[in-house]
Structures are given as C-alpha cells and as structure tokens.
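Trainee: A single structure is presented below for examination.
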Amino acid sequence: MSEPMLDRNYKQKVFLRGFLQGKNMFRAIKAMELTISVHKGKRRSGDVEFSHQLEVVIYLCQVLEKKVEPHEFDIIVTAAFLHDIVEDYPNKYSFDKMRDDFGSEVTEAVKLVTKSMDYDKHSEKDREKYYDAILRNPHAVFVKGADRIHNMQTYLHGSTSEKLKFYMAETEDHILPLIKSARKTYPEYYLIFISMSHLLQKQLYFLKEILKEREKRAVYEDLDFKYLSK
C-alpha cells in the first residue's frame, strides 16, 4: 500500500474516532477497532482491506448525520463497520459473538447483507431472495447501498471487462431497484435514497464509458496483432 494511502487511512481513523466520540458512539468505535484488527488483507487496488469499511462509514456519516435518529445512526454506522467480517472471516468471528458484542439490531442488519456459503451469484432465485430480505430492514439497505457505491468507485482495479459487466448488471438489476423500493417502503428516508440512486447511476454511466474505451482498444490491438502476424 502506498504511503499516501497509509496517510489517508490514518487521517480517516483519527477523524472517525473523534467524530464518533463526540456523539458518544462508543459501540461504533469498538466496531471500527475490530474491523481494523481483522481486515488486514489487500483489495484489488492494493489498498488494505479495512480502507473499504472506513470509506463506507465516512460516506454514510455524510449522508445520514442529523437526518436519522441518533439510535438509528449508531446502528447503521456500527453495522457498516462490520458488514464484511463474518462473510470474509467466518473462522475468526461469528454472528453469535457479534450479538454479544454489539446487540441484536446491528447483528440483524449485518446478517441480511452477508451472503451465505451456498449463495450462488449466478442464480436469479438466490439474488432475489437476498435482496428481498435486505429490503425488510432499512439499516441493511443503507449499508448495502453504501457498500456498492464504494465498490463501484474501486472496481476497475484488477477487474476484467466481463467481471465489470456482471457487477454493473447486478447494480442495474438489483441494487438500484432495491433502493427504489426502499424509497416507497421507508418514505421518511426518501431524499437519502434518491441521493444514493443518483450517485450509483452516475457511476454506472462512467463505467460504461470506460468499458467502451476498453473494447475499442481491444479491437485496435487485435487488428494490429493480425496485421503484424501476416
């Protein structure tokens, strides 16, 4: 990981710790410390894993602060820190432990966004079941939406065009409809979900343009190879 990213992560940790302390959100701070201690691997971009959780939480703080009740805010932020921990490290941390450490409301939100071991991402039935369950919990919708927003920002790193197309299709076919349904199901959060939808749509437009350029470049490179091979 580059020095600038290390410096950025350090500043993010300091900012979040101070911000959360100021709101007496000590449960969220505990979740942040756990996340940093467990997510020590690397992302496709080369960044340390926990940088993702920090970015997701910072985004949620920006869009939710003073727009949701303090208790709801605490649940969402704590769940956002923990949203990948059981899925990525089932041998290190469990939902039973999470319930003891952070309570049932946080655990329920994290459980809903966690894909089971037998989840098949190519199965439409599995995907519909997964997203329908998330819709039943607004905390989970916020976490899933923020998670996808940050992943869309970084998915270009190390992803083939085919993987990118699949991820974009899932966003269009499931994530955006999820957030649209959440606007109707939870009208008190209507404007926040509108904002999330607009950002995802902008990201999709940008990625589609990148894909077009990739495919053009691939065609030209193929033509050059065929010409040189004659």
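Labeling convention for the structure tokens: chains A, B, ... as they appear, residues from 1 per chain, ligands from 1 in order of appearance.
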Quick one: residues within 7 Å of A:Arg183, only C-alpha atoms, excluding same-chain residues fewer than 6 positions away - as a VMD selection string?

Mentor: chain A and resid 189 to 190 193

Trainee: Please save N, CA and C atoms of the selected residues as a JSON list (two decimals), in the first residue's frame.

Mentor:
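Just written: selection10.json:
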[["chain", "number", "residue", "atom", "x", "y", "z"],
["A", 189, "TYR", "N", -37.05, 8.31, 4.59],
["A", 189, "TYR", "CA", -35.66, 8.38, 4.10],
["A", 189, "TYR", "C", -35.63, 8.62, 2.58],
["A", 190, "TYR", "N", -36.73, 9.09, 2.04],
["A", 190, "TYR", "CA", -36.88, 9.21, 0.58],
["A", 190, "TYR", "C", -35.73, 9.97, -0.06],
["A", 193, "PHE", "N", -32.34, 8.11, -0.10],
["A", 193, "PHE", "CA", -32.29, 7.04, -1.10],
["A", 193, "PHE", "C", -32.23, 7.60, -2.52]]

Trainee: Near stretch 13-19 of chain A, within 8 Å and counting only C-alpha atoms, which residues show up once chain neighbours fewer than 6 positions away are dropped, as a list in words?

Mentor: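 Everything that qualifies: Ile29, Leu54 and Ile58 of chain A.
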
Trainee: So that I can check the surroundings of A:Leu199, please list as a PyMOL selection string every protein, DNA and RNA residue that reaches within 12 Å of it, counting only C-alpha atoms and ignoring chain neighbours fewer than 5 positions away.

Mentor: chain A and resi 59+63+145-146+148-150+152-153+171+176+179+192-194+204-206

Trainee: Write out as a list in words which residues come within 9 Å of A:Leu211 when counting only C-alpha atoms, dropping same-chain ones fewer than 5 positions away.

Mentor: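 After dropping sequence-adjacent residues, the list is Ser161, Leu164, Lys165, Phe206 and Lys216 of chain A.
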
Trainee: Got time to write the residues from that selection, N, CA and C atoms, as an mmCIF file, in the first residue's frame?

Mentor:
data_model
loop_
_atom_site.group_PDB
_atom_site.id
_atom_site.type_symbol
_atom_site.label_atom_id
_atom_site.label_comp_id
_atom_site.auth_asym_id
_atom_site.auth_seq_id
_atom_site.Cartn_x
_atom_site.Cartn_y
_atom_site.Cartn_z
ATOM 1 N N SER A 161 -13.103 -7.030 -18.032
ATOM 2 C CA SER A 161 -14.311 -6.418 -18.583
ATOM 3 C C SER A 161 -15.537 -7.271 -18.299
ATOM 4 N N LEU A 164 -16.583 -6.785 -14.719
ATOM 5 C CA LEU A 164 -17.149 -5.449 -14.585
ATOM 6 C C LEU A 164 -18.570 -5.405 -15.131
ATOM 7 N N LYS A 165 -18.799 -6.048 -16.262
ATOM 8 C CA LYS A 165 -20.141 -6.095 -16.854
ATOM 9 C C LYS A 165 -21.121 -6.804 -15.923
ATOM 10 N N PHE A 206 -20.277 6.308 -15.954
ATOM 11 C CA PHE A 206 -18.822 6.420 -16.074
ATOM 12 C C PHE A 206 -18.204 5.066 -16.438
ATOM 13 N N LYS A 216 -12.880 -0.705 -27.516
ATOM 14 C CA LYS A 216 -12.282 -0.094 -28.704
ATOM 15 C C LYS A 216 -10.796 -0.404 -28.766
#

Trainee: Hey, which of A:Val77, A:Met25, A:Val48, A:Val38 ends up closest to A:Phe142? Count only C-alpha atoms.

Mentor: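 Using only C-alpha atoms, A:Phe142 sits closest to A:Val77.
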
Trainee: Give me every alpha helix (DSSP H) residue in stretch 115-218 of chain A, going by DSSP on the backbone, as a PDB file with C-alpha atoms, in the first residue's frame.

Mentor:
ATOM      1  CA  GLU A 124     -31.514 -15.287 -10.057  1.00  0.00           C
ATOM      2  CA  LYS A 125     -33.529 -17.060  -7.363  1.00  0.00           C
ATOM      3  CA  ASP A 126     -30.716 -16.622  -4.829  1.00  0.00           C
ATOM      4  CA  ARG A 127     -30.246 -12.979  -5.732  1.00  0.00           C
ATOM      5  CA  GLU A 128     -33.946 -12.170  -5.493  1.00  0.00           C
ATOM      6  CA  LYS A 129     -34.182 -13.876  -2.100  1.00  0.00           C
ATOM      7  CA  TYR A 130     -31.104 -11.982  -0.878  1.00  0.00           C
ATOM      8  CA  TYR A 131     -32.286  -8.521  -1.949  1.00  0.00           C
ATOM      9  CA  ASP A 132     -35.892  -9.087  -0.862  1.00  0.00           C
ATOM     10  CA  ALA A 133     -34.613  -9.865   2.641  1.00  0.00           C
ATOM     11  CA  ILE A 134     -32.468  -6.718   2.729  1.00  0.00           C
ATOM     12  CA  LEU A 135     -35.482  -4.568   1.832  1.00  0.00           C
ATOM     13  CA  PRO A 138     -33.734  -0.035   6.348  1.00  0.00           C
ATOM     14  CA  HIS A 139     -30.403  -0.293   8.192  1.00  0.00           C
ATOM     15  CA  ALA A 140     -29.359  -3.100   5.852  1.00  0.00           C
ATOM     16  CA  VAL A 141     -30.465  -1.107   2.797  1.00  0.00           C
ATOM     17  CA  PHE A 142     -28.260   1.821   3.811  1.00  0.00           C
ATOM     18  CA  VAL A 143     -25.267  -0.441   4.389  1.00  0.00           C
ATOM     19  CA  LYS A 144     -25.727  -2.342   1.119  1.00  0.00           C
ATOM     20  CA  GLY A 145     -26.174   0.857  -0.871  1.00  0.00           C
ATOM     21  CA  ALA A 146     -23.077   2.498   0.622  1.00  0.00           C
ATOM     22  CA  ASP A 147     -21.072  -0.709   0.167  1.00  0.00           C
ATOM     23  CA  ARG A 148     -21.947  -0.809  -3.530  1.00  0.00           C
ATOM     24  CA  ILE A 149     -21.188   2.886  -4.015  1.00  0.00           C
ATOM     25  CA  HIS A 150     -17.637   2.480  -2.738  1.00  0.00           C
ATOM     26  CA  ASN A 151     -17.094  -0.799  -4.586  1.00  0.00           C
ATOM     27  CA  MET A 152     -18.204   0.850  -7.824  1.00  0.00           C
ATOM     28  CA  GLN A 153     -15.575   3.540  -7.250  1.00  0.00           C
ATOM     29  CA  THR A 154     -12.798   0.957  -6.959  1.00  0.00           C
ATOM     30  CA  SER A 161     -14.311  -6.418 -18.583  1.00  0.00           C
ATOM     31  CA  GLU A 162     -16.508  -9.487 -18.071  1.00  0.00           C
ATOM     32  CA  LYS A 163     -16.438  -9.143 -14.287  1.00  0.00           C
ATOM     33  CA  LEU A 164     -17.149  -5.449 -14.585  1.00  0.00           C
ATOM     34  CA  LYS A 165     -20.141  -6.095 -16.854  1.00  0.00           C
ATOM     35  CA  PHE A 166     -21.535  -8.636 -14.401  1.00  0.00           C
ATOM     36  CA  TYR A 167     -21.129  -6.249 -11.472  1.00  0.00           C
ATOM     37  CA  MET A 168     -22.740  -3.391 -13.377  1.00  0.00           C
ATOM     38  CA  ALA A 169     -25.650  -5.611 -14.444  1.00  0.00           C
ATOM     39  CA  GLU A 170     -26.211  -6.639 -10.818  1.00  0.00           C
ATOM     40  CA  LEU A 176     -30.999   0.264  -7.973  1.00  0.00           C
ATOM     41  CA  PRO A 177     -34.403  -1.489  -7.771  1.00  0.00           C
ATOM     42  CA  LEU A 178     -33.695  -2.238  -4.088  1.00  0.00           C
ATOM     43  CA  ILE A 179     -33.093   1.438  -3.342  1.00  0.00           C
ATOM     44  CA  LYS A 180     -36.102   2.459  -5.438  1.00  0.00           C
ATOM     45  CA  SER A 181     -38.307   0.071  -3.456  1.00  0.00           C
ATOM     46  CA  ALA A 182     -36.812   1.400  -0.217  1.00  0.00           C
ATOM     47  CA  ARG A 183     -37.969   4.921  -1.159  1.00  0.00           C
ATOM     48  CA  LYS A 184     -41.553   3.676  -1.084  1.00  0.00           C
ATOM     49  CA  THR A 185     -41.137   1.360   1.891  1.00  0.00           C
ATOM     50  CA  TYR A 190     -36.884   9.206   0.583  1.00  0.00           C
ATOM     51  CA  LEU A 191     -34.388  12.000  -0.174  1.00  0.00           C
ATOM     52  CA  ILE A 192     -31.421   9.995   1.121  1.00  0.00           C
ATOM     53  CA  PHE A 193     -32.288   7.035  -1.100  1.00  0.00           C
ATOM     54  CA  ILE A 194     -32.768   9.388  -4.070  1.00  0.00           C
ATOM     55  CA  SER A 195     -29.243  10.714  -3.482  1.00  0.00           C
ATOM     56  CA  MET A 196     -27.816   7.183  -3.371  1.00  0.00           C
ATOM     57  CA  SER A 197     -29.600   6.245  -6.587  1.00  0.00           C
ATOM     58  CA  HIS A 198     -28.305   9.304  -8.437  1.00  0.00           C
ATOM     59  CA  LEU A 199     -24.725   8.595  -7.381  1.00  0.00           C
ATOM     60  CA  LEU A 200     -24.945   4.959  -8.486  1.00  0.00           C
ATOM     61  CA  GLN A 201     -26.405   6.000 -11.837  1.00  0.00           C
ATOM     62  CA  LYS A 202     -23.517   8.419 -12.385  1.00  0.00           C
ATOM     63  CA  GLN A 203     -21.045   5.682 -11.530  1.00  0.00           C
ATOM     64  CA  LEU A 204     -22.721   3.293 -13.956  1.00  0.00           C
ATOM     65  CA  TYR A 205     -22.537   5.870 -16.741  1.00  0.00           C
ATOM     66  CA  PHE A 206     -18.822   6.420 -16.074  1.00  0.00           C
ATOM     67  CA  LEU A 207     -18.059   2.685 -16.014  1.00  0.00           C
ATOM     68  CA  LYS A 208     -19.985   2.104 -19.245  1.00  0.00           C
ATOM     69  CA  GLU A 209     -17.870   4.764 -20.939  1.00  0.00           C
ATOM     70  CA  ILE A 210     -14.701   3.123 -19.603  1.00  0.00           C
ATOM     71  CA  LEU A 211     -15.863  -0.240 -20.946  1.00  0.00           C
ATOM     72  CA  LYS A 212     -16.487   1.266 -24.384  1.00  0.00           C
ATOM     73  CA  GLU A 213     -12.932   2.596 -24.450  1.00  0.00           C
ATOM     74  CA  ARG A 214     -11.562  -0.767 -23.297  1.00  0.00           C
ATOM     75  CA  GLU A 215     -13.419  -2.589 -26.047  1.00  0.00           C
ATOM     76  CA  LYS A 216     -12.282  -0.094 -28.704  1.00  0.00           C
ATOM     77  CA  ARG A 217      -8.693  -0.507 -27.550  1.00  0.00           C
ATOM     78  CA  ALA A 218      -9.037  -4.299 -27.648  1.00  0.00           C
TER      79      ALA A 218
END

Trainee: Would you mind reading off the distance between atom CA of A:Asp7 and atom CA of A:Gln53, one decimal, in Å?

Mentor: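 Result for atom CA of A:Asp7 versus atom CA of A:Gln53: 16.0 Å, one decimal.
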
Trainee: Excluding A:Val86 and its own-chain neighbours fewer than 5 positions away, which residues fall within 9 Å of it when counting only C-alpha atoms? Please give them as a short mmCIF file (atom, residue, chain, number, x, y, z; two decimals) with N, CA and C atoms, in the first residue's frame.

Mentor:
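And here is the file that came out, selection-v3.cif:
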data_model
loop_
_atom_site.label_atom_id
_atom_site.label_comp_id
_atom_site.auth_asym_id
_atom_site.auth_seq_id
_atom_site.Cartn_x
_atom_site.Cartn_y
_atom_site.Cartn_z
N ASN A 91 -14.14 -17.93 10.28
CA ASN A 91 -13.41 -18.68 11.31
C ASN A 91 -12.88 -17.78 12.42
N LYS A 92 -12.96 -16.47 12.21
CA LYS A 92 -12.45 -15.53 13.21
C LYS A 92 -13.57 -14.85 14.00
N TYR A 93 -14.76 -14.77 13.37
CA TYR A 93 -15.83 -14.02 14.03
C TYR A 93 -17.18 -14.60 13.61
N SER A 94 -18.13 -14.62 14.53
CA SER A 94 -19.43 -15.24 14.28
C SER A 94 -20.56 -14.26 14.61
N PHE A 95 -21.74 -14.59 14.13
CA PHE A 95 -22.91 -13.76 14.45
C PHE A 95 -23.28 -13.87 15.93
N VAL A 110 -26.33 -6.76 9.68
CA VAL A 110 -25.16 -7.38 9.08
C VAL A 110 -25.50 -8.74 8.49
N LYS A 111 -26.33 -9.51 9.19
CA LYS A 111 -26.73 -10.83 8.69
C LYS A 111 -27.42 -10.73 7.33
N THR A 114 -24.96 -10.18 4.53
CA THR A 114 -23.94 -11.23 4.43
C THR A 114 -24.45 -12.37 3.57
#

Trainee: Considering only C-alpha atoms, can you say which of A:Ala31, A:Ile85, A:Leu156, A:Ala109 comes closest to A:Glu72?

Mentor: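 Going through A:Ala31, A:Ile85, A:Leu156, A:Ala109 one by one, the smallest distance to A:Glu72 is for A:Ala109.
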
Trainee: Given only C-alpha atoms as the basis, pick out the residue of A:Phe26, A:Phe102, A:Phe73, A:Tyr89 nearest to A:His39.

Mentor: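 Distance minimum relative to A:His39 lands on A:Tyr89.
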